[in-house]
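Let me begin by presenting the structure, written as structure tokens, before commenting on it.
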Amino acid sequence: MSIDGKLGPIRKGLLEFLILKIVATDMVYVADMLKRLSTTEFATQEGTLYPLLSKMRRENLVDYEWQESEAGPPRKYYKLTPKGKAQLVELNAYWKQINATISQLGN
Amino acid sequence: MNKVITVNLNGNAYQVEESGYVALDEYLADAEAKLKHNPDLLDIMVDLEQAIADKCNRHLTPAKNVITRSEIDQILNEMGPVEPNAEPDMGDGAEPQPKDAKHERAQTDSGAPKRLYRIREGSMIAGVCKGLAAYFNVDVTLVRLALCVLAIASAGALVLAYFAAMVIIPPADTLEERAEAHGQPFNAQELVDQAKEHYANFKKDAEAWWRKGPGSPDWKGFKRNMDDIGRETHRAARQARRAVRNAHWSFNASPEIDYASHVLTMLMLPIFGLIIGALTVVWILAIISLVNTGAVFGWPLPVPIPLWVAILILIGLYSAVVGPFKMAIHGRGYLHQRRYYGWPGLLGGLIWLGCMILAFVLAYTYVPEVRDFVANLPSMLNQIVRR
């Protein structure tokens, strides 16, 4: 298996965590999220993000509200629900723990 | 020179080169197939269409109003393939989907359970022939021809059989029943399409309204509506999907009881028909006697009112009395996609009539104005006529 074949699933698994992080900072809509991720190794696309957001909304982690935009129709702006905030706290703690474990095991 | 096709993306029209249209259509169809088991399918499809529309806008200028094939390719490339995400409750969307598709096709091929129904749409008399044709999967004209020939050959005995069949075989009135008559599994795709169209139309209207500007007082209400409609569409989609699931279930489990009760009520219906016929004869005789003698079967009118008002009252009385029986025959209201026929329909009609009478009696007894109105009605009507 190529190295990218191994890294892909890791990135995919972390995407939801990153979305929670982005949504936590500000009310954002999908194009904002894509832009913020585009410069990172987690760059993703609408085709992935919309289904993921709908799943997160079903799990009651995020919610959206309609807001007007300067041009075109109103947009869905996403925000965290209390449950989403709680999960982000948990994930952050877990991520730190993983990091600590990884560095503990040495190079 | 390339042919251009106008597409509707989430309620806005875009002109796309033909080959680009094909690519776009493929992308959206693929997305829909991949998200087939996603409860938010409609929501996501609307989002995807809107995202594509936004990207299209970037390629349009006042001087350029067509999206080219290469631009569509670029847009779809930016969109990326739709990835159904792993769902804890239904497994990875990508995995079970092909299996399910095969499963459904197998259902269609093997044929869902078939039942003999009368099909009244496009029928000549009562739909018996159409029902038979659907049941045996032959052309309805052949069935009708055979019936005519056999009716003559049997010296009219078959005509009686036809009427018997008309009474005994229940009509296929709901979508489900019609599908059953042809032996097709009930398909809720139409419902889904309808809901989608409804949503698209709404958004189009809403956007026109929205362009009036965020300053308009309706603006807050609009946003609320958007949310409501979104939720409603969502719910409609879920219901449609549930209907698909239940369709398989109901074909296998419940028709036995329903079918039997249907046949029973069908036997009751001629009796109601006879009652309606008798009432109609009495009514016509009453009108004739009223016109000829100024009294109904020898009972003079209690208050002096003009003849035409008396006739109107008779017509009203007739429809009030016959109404419940008509409801019994034509069905009244829906319960689980099924009309009430026979006794439930009659009961519903009688309750309705009873409520009307009770309401009038109560109003007459307790509201003096109503009593005055009724007392003054004859003289009022006479005045109108004299003028």
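Residues in the structure tokens are numbered from 1 in each chain, the chains being A, B, ... in the order shown, and ligands are numbered from 1 in the order shown.
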Output the contact residues of chain A with respect to chain B at a cut-off of 12 Å, based on only C-alpha atoms, as a ChimeraX atom specification. /A:12-13,15-16,29-31,34-35,38,43-59,63-76
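Taking CA of Asn382 in chain B as the reference point, CA of Ala363 in chain B is found at 24.1 Å.
If only C-alpha atoms are the atoms counted, then among A:Ala100, A:Leu61, A:Leu7, A:Leu105 the closest residue to Val23 in chain A is A:Leu61.
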Would you please extract all strand (DSSP E) residues from chain A, as assigned by DSSP on the backbone, and give them as a PDB file with N, CA and C atoms, in the first residue's frame?
```
ATOM      1  N   VAL A  62     -23.914  20.059  14.700  1.00  0.00           N
ATOM      2  CA  VAL A  62     -23.958  21.413  14.133  1.00  0.00           C
ATOM      3  C   VAL A  62     -25.398  21.715  13.747  1.00  0.00           C
ATOM      4  N   ASP A  63     -25.669  22.981  13.561  1.00  0.00           N
ATOM      5  CA  ASP A  63     -26.968  23.406  13.040  1.00  0.00           C
ATOM      6  C   ASP A  63     -26.686  24.576  12.112  1.00  0.00           C
ATOM      7  N   TYR A  64     -27.656  24.892  11.266  1.00  0.00           N
ATOM      8  CA  TYR A  64     -27.395  26.043  10.397  1.00  0.00           C
ATOM      9  C   TYR A  64     -28.540  27.030  10.478  1.00  0.00           C
ATOM     10  N   GLU A  65     -28.278  28.276  10.073  1.00  0.00           N
ATOM     11  CA  GLU A  65     -29.372  29.204   9.846  1.00  0.00           C
ATOM     12  C   GLU A  65     -29.128  29.924   8.531  1.00  0.00           C
ATOM     13  N   TRP A  66     -30.231  30.368   7.940  1.00  0.00           N
ATOM     14  CA  TRP A  66     -30.123  31.047   6.646  1.00  0.00           C
ATOM     15  C   TRP A  66     -29.695  32.486   6.866  1.00  0.00           C
ATOM     16  N   GLN A  67     -28.726  32.932   6.059  1.00  0.00           N
ATOM     17  CA  GLN A  67     -28.342  34.343   6.127  1.00  0.00           C
ATOM     18  C   GLN A  67     -28.212  34.884   4.725  1.00  0.00           C
ATOM     19  N   ARG A  75     -27.603  31.924   2.252  1.00  0.00           N
ATOM     20  CA  ARG A  75     -26.711  30.778   2.458  1.00  0.00           C
ATOM     21  C   ARG A  75     -26.960  30.163   3.828  1.00  0.00           C
ATOM     22  N   LYS A  76     -26.573  28.917   3.924  1.00  0.00           N
ATOM     23  CA  LYS A  76     -26.667  28.221   5.197  1.00  0.00           C
ATOM     24  C   LYS A  76     -25.403  28.509   5.979  1.00  0.00           C
ATOM     25  N   TYR A  77     -25.536  29.178   7.097  1.00  0.00           N
ATOM     26  CA  TYR A  77     -24.385  29.407   7.969  1.00  0.00           C
ATOM     27  C   TYR A  77     -24.437  28.417   9.122  1.00  0.00           C
ATOM     28  N   TYR A  78     -23.330  27.715   9.294  1.00  0.00           N
ATOM     29  CA  TYR A  78     -23.305  26.652  10.305  1.00  0.00           C
ATOM     30  C   TYR A  78     -22.768  27.162  11.632  1.00  0.00           C
ATOM     31  N   LYS A  79     -23.254  26.554  12.709  1.00  0.00           N
ATOM     32  CA  LYS A  79     -22.747  26.872  14.041  1.00  0.00           C
ATOM     33  C   LYS A  79     -22.785  25.586  14.868  1.00  0.00           C
ATOM     34  N   LEU A  80     -22.062  25.577  15.976  1.00  0.00           N
ATOM     35  CA  LEU A  80     -22.027  24.392  16.827  1.00  0.00           C
ATOM     36  C   LEU A  80     -23.232  24.366  17.746  1.00  0.00           C
TER      37      LEU A  80
END
```
Could you tell me, as a PyMOL selection string, which residues of chain A DSSP assigns to helix (DSSP H, G or I) when given the backbone? chain A and resi 3-25+30-38+46-58+82-104
Taking 4 positions as the minimum chain separation for residues in the same chain, which residues sit within 9 Å of Leu28 in chain B when counting only C-alpha atoms? Answer as an NGL selection string. :B and (23-24 or 32-33 or 45 or 48-49)
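For the pair CA of Phe272 in chain B and CA of Val321 in chain B, the interatomic distance is 12.3 Å.
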